[in-house]
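Asks: As input, take target_21.txt (compact mmCIF, C-alpha atoms):
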```
# COMPACT_ATOMS: atom_id res chain seq x y z
CA MET A 1 0.00 0.00 0.00
CA TYR A 2 1.31 3.42 -0.95
CA PRO A 3 1.31 6.37 1.45
CA SER A 4 -1.36 9.05 0.93
CA GLU A 5 1.08 11.88 1.63
CA VAL A 6 4.71 12.50 0.87
CA LEU A 7 7.21 14.55 2.85
CA PHE A 8 9.19 16.68 0.42
CA THR A 9 12.36 18.55 1.39
CA ILE A 10 14.05 21.20 -0.69
CA GLU A 11 17.37 22.69 0.35
CA LEU A 12 18.48 25.88 -1.32
CA VAL A 13 22.10 26.98 -1.01
CA ALA A 14 22.82 30.39 -2.51
CA GLU A 15 26.20 31.33 -3.94
CA SER A 16 25.45 34.71 -5.49
CA PHE A 17 23.19 36.79 -7.63
CA GLN A 18 24.44 39.20 -10.21
CA GLY A 19 23.29 41.60 -12.88
CA SER A 20 21.03 44.57 -13.05
CA ALA A 21 17.86 44.72 -10.99
CA GLY A 22 16.42 47.43 -13.21
CA ARG A 23 15.06 50.59 -11.67
CA GLY A 24 14.86 48.95 -8.25
CA ALA A 25 18.67 48.92 -8.03
CA ALA A 26 18.73 52.67 -8.68
CA TRP A 27 16.25 53.14 -5.84
CA VAL A 28 18.49 51.11 -3.51
CA GLN A 29 21.49 53.29 -4.43
CA ALA A 30 19.48 56.48 -3.80
CA SER A 31 18.18 55.27 -0.43
CA ALA A 32 19.61 57.06 2.61
CA GLU A 33 19.97 53.81 4.61
CA ARG A 34 22.12 50.84 3.63
CA GLN A 35 19.87 48.14 2.16
CA ILE A 36 20.70 44.52 2.97
CA PRO A 37 20.80 42.20 -0.06
CA ALA A 38 18.69 39.08 0.44
CA LEU A 39 17.11 36.18 -1.42
CA GLY A 40 13.48 35.36 -0.67
CA ILE A 41 12.09 31.84 -1.18
CA ARG A 42 8.42 30.96 -1.24
CA LEU A 43 7.08 27.46 -1.88
CA LEU A 44 3.37 27.07 -2.67
CA ASP A 45 1.37 29.41 -0.44
CA LEU A 46 3.62 28.98 2.60
CA ALA A 47 5.31 31.86 4.40
CA PRO A 48 8.45 33.04 2.63
CA ALA A 49 11.94 32.29 3.95
CA VAL A 50 14.73 34.86 3.63
CA ILE A 51 18.46 34.31 3.16
CA GLU A 52 20.55 37.40 3.91
CA ALA A 53 23.74 37.98 1.95
CA ALA A 54 27.14 37.78 3.62
CA ASP A 55 27.72 40.57 6.16
CA SER A 56 30.11 42.62 4.04
CA GLU A 57 27.98 42.47 0.88
CA ALA A 58 26.19 45.51 -0.55
CA PHE A 59 24.50 46.44 -3.79
CA ALA A 60 26.81 47.98 -6.40
CA ALA A 61 25.91 50.81 -8.71
CA PRO A 62 23.79 49.86 -11.72
CA PRO A 63 23.92 48.46 -14.35
CA GLU A 64 25.83 45.46 -12.93
CA SER A 65 25.98 44.20 -9.37
CA HIS A 66 27.31 41.01 -7.76
CA VAL A 67 26.12 39.95 -4.30
CA SER A 68 27.68 36.92 -2.61
CA PHE A 69 25.84 34.63 -0.19
CA ASN A 70 28.87 32.41 0.55
CA GLY A 71 26.80 29.21 0.53
CA ARG A 72 24.14 30.39 2.97
CA GLY A 73 20.82 28.65 2.58
CA LYS A 74 17.51 27.37 3.88
CA ALA A 75 15.76 24.00 4.04
CA LEU A 76 12.02 23.79 3.48
CA VAL A 77 10.01 20.70 4.44
CA VAL A 78 6.49 20.29 3.08
CA GLU A 79 3.96 17.49 3.48
CA MET A 80 1.90 17.10 0.30
CA PRO A 81 -0.97 14.77 -0.59
CA ILE A 82 0.19 12.46 -3.36
CA ALA A 83 -3.05 13.14 -5.24
CA SER A 84 -2.02 16.81 -5.59
CA THR A 85 1.26 15.82 -7.25
CA SER A 86 -0.09 13.77 -10.17
CA GLU A 87 0.82 14.56 -13.78
CA ALA A 88 -2.47 16.44 -14.19
CA ALA A 89 -2.19 18.38 -10.93
CA GLU A 90 -1.63 22.09 -10.55
CA PRO A 91 1.93 23.45 -10.76
CA ILE A 92 4.02 23.47 -7.57
CA PRO A 93 5.46 27.00 -7.63
CA LEU A 94 8.78 27.96 -6.05
CA TRP A 95 9.33 31.71 -6.09
CA LEU A 96 12.87 33.12 -5.86
CA MET A 97 13.06 36.85 -5.12
CA ALA A 98 16.01 39.27 -5.08
CA LEU A 99 15.23 41.61 -2.19
CA ALA A 100 16.60 44.78 -0.60
CA LEU A 101 15.86 44.48 3.13
CA GLN A 102 15.45 47.51 5.32
CA PRO A 103 17.89 47.53 8.25
CA SER A 104 16.52 46.17 11.54
CA SER A 105 15.02 48.78 13.81
CA ALA A 106 15.60 48.91 17.53
CA ALA A 107 11.93 48.19 18.26
CA ALA A 108 11.48 44.49 19.00
CA ASP A 109 8.01 44.28 17.47
CA ALA A 110 8.80 46.19 14.28
CA THR A 111 8.35 44.25 11.08
CA ARG A 112 11.10 44.45 8.51
CA SER A 113 10.09 45.60 5.06
CA ALA A 114 11.74 44.69 1.79
CA VAL A 115 11.81 45.98 -1.76
CA LEU A 116 11.41 43.39 -4.52
CA LEU A 117 14.13 43.90 -7.16
CA ALA A 118 13.70 40.80 -9.33
CA SER A 119 11.98 37.41 -9.25
CA ALA A 120 11.71 33.98 -10.88
CA CYS A 121 9.05 31.28 -10.55
CA ILE A 122 9.93 27.60 -11.03
CA ASP A 123 7.43 24.73 -11.30
CA LEU A 124 8.74 21.94 -9.03
CA ARG A 125 6.09 19.40 -10.05
CA GLN A 126 8.52 17.24 -12.11
CA GLU A 127 11.02 17.12 -9.22
CA VAL A 128 8.25 16.09 -6.82
CA LEU A 129 7.07 13.39 -9.25
CA ARG A 130 10.66 12.09 -9.53
CA ALA A 131 10.93 11.90 -5.72
CA ILE A 132 7.57 10.10 -5.43
CA SER A 133 8.64 7.64 -8.12
CA ALA A 134 11.81 6.86 -6.17
CA CYS A 135 9.72 6.43 -3.00
CA THR A 136 7.32 3.94 -4.59
CA LYS A 137 10.26 1.94 -5.97
CA GLY A 138 11.60 1.44 -2.45
CA SER A 139 14.56 3.81 -2.54
CA ALA A 140 13.07 6.49 -0.30
CA SER A 141 15.79 6.09 2.32
CA ALA A 142 18.49 7.10 -0.16
CA PRO A 143 18.97 10.86 -0.35
CA CYS A 144 18.41 12.54 -3.68
CA THR A 145 21.39 14.11 -5.32
CA PHE A 146 21.79 17.85 -5.29
CA ARG A 147 21.40 19.68 -8.56
CA ARG A 148 23.36 22.81 -9.30
CA CYS A 149 21.00 25.32 -10.90
CA SER A 150 21.08 28.90 -12.00
CA PHE A 151 18.00 31.00 -12.57
CA ARG A 152 17.37 34.10 -14.61
CA MET A 153 15.25 36.55 -12.66
CA THR A 154 13.06 39.20 -14.23
CA PRO A 155 13.75 42.73 -12.91
CA VAL A 156 10.83 44.65 -11.48
CA ARG A 157 9.75 47.49 -13.76
CA GLU A 158 8.09 50.71 -12.78
CA THR A 159 5.01 51.51 -14.83
```
I need this file expressed as structure tokens, please.

Replies:
Amino acid sequence: MYPSEVLFTIELVAESFQGSAGRGAAWVQASAERQIPALGIRLLDLAPAVIEAADSEAFAAPPESHVSFNGRGKALVVEMPIASTSEAAEPIPLWLMALALQPSSAAADATRSAVLLASACIDLRQEVLRAISACTKGSASAPCTFRRCSFRMTPVRET
């Protein structure tokens, strides 16, 4: 008998992001406070996770910028019904977002805001189907190999 749900883990390790973030990068340069480069990750409709860049990193002047994360990352664990991961199911979106975080304020209850500079959306359905296939073939205890990926993000445009 097959399980009705599958536990899916995705680990994202960030090396860097580079390139122009469009007009958002110009806004960051014009801002009076130092903005903290970050990478936002959102899987499905779950709360986003944020990876801050290395401490010494800052946005460079447009048009080109390179921000290093030095291998920082996040692990996301999601329990999904197998029925929602079939070939005909809805996409399983993973959003990656280049962000400019506002510096932390002294107030403990203050929420931190961010400016979206660029984003990319990836459909993880095929990866989930591959993991489920491995599970039903009895190799669920073996870890999946890591895949090195690079993504092209679309800069945010002012209208």

Asks: One number please: atom CA of A:Met80 to atom CA of A:Pro93, in Å, one decimal.

Replies: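 Between atom CA of A:Met80 and atom CA of A:Pro93 the gap is 13.2 Å.
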
Asks: Please compute the atom CA of A:Leu39-atom CA of A:Glu5 distance, one decimal, in Å.

Replies: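 Interatomic distance, atom CA of A:Leu39 to atom CA of A:Glu5: 29.3 Å.
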
Asks: Please identify all polymer residues within 8 Å of A:Leu101, counting only C-alpha atoms, omitting same-chain residues fewer than 2 positions from it, and present them as an MDAnalysis selection string.

Replies: chainID A and resid 35:38 99 103 112:115

Asks: With distances taken over all atoms listed in the file, which of A:Ser150, A:Ser84, A:Gln102, A:Ser56 is nearest to A:Ser16?

Replies: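 For A:Ser16, the nearest of the candidates is A:Ser150.
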
Asks: Given only C-alpha atoms as the basis, pick out the residue of A:Ile92, A:Ala14, A:Ala75, A:Ile41 nearest to A:Ala54.

Replies: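 That would be A:Ala14, the residue with the smallest distance to A:Ala54.
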
Asks: Could you work out how far atom CA of A:Ala131 lies from atom CA of A:Gly40, giving the answer in Å with one decimal?

Replies: 24.1 Å

Asks: Taking only C-alpha atoms into account, name the residue in A:Val128, A:His66, A:Leu94, A:Arg148 that is nearest to A:Phe17.

Replies: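 Among the listed residues, the smallest separation from A:Phe17 belongs to A:His66.
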
Asks: Using all atoms listed in the file, find the one residue out of A:Phe8, A:Phe151, A:Trp95, A:Phe59 that sits nearest to A:Ala47.

Replies: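 Between A:Phe8, A:Phe151, A:Trp95, A:Phe59, the residue approaching A:Ala47 most closely is A:Trp95.
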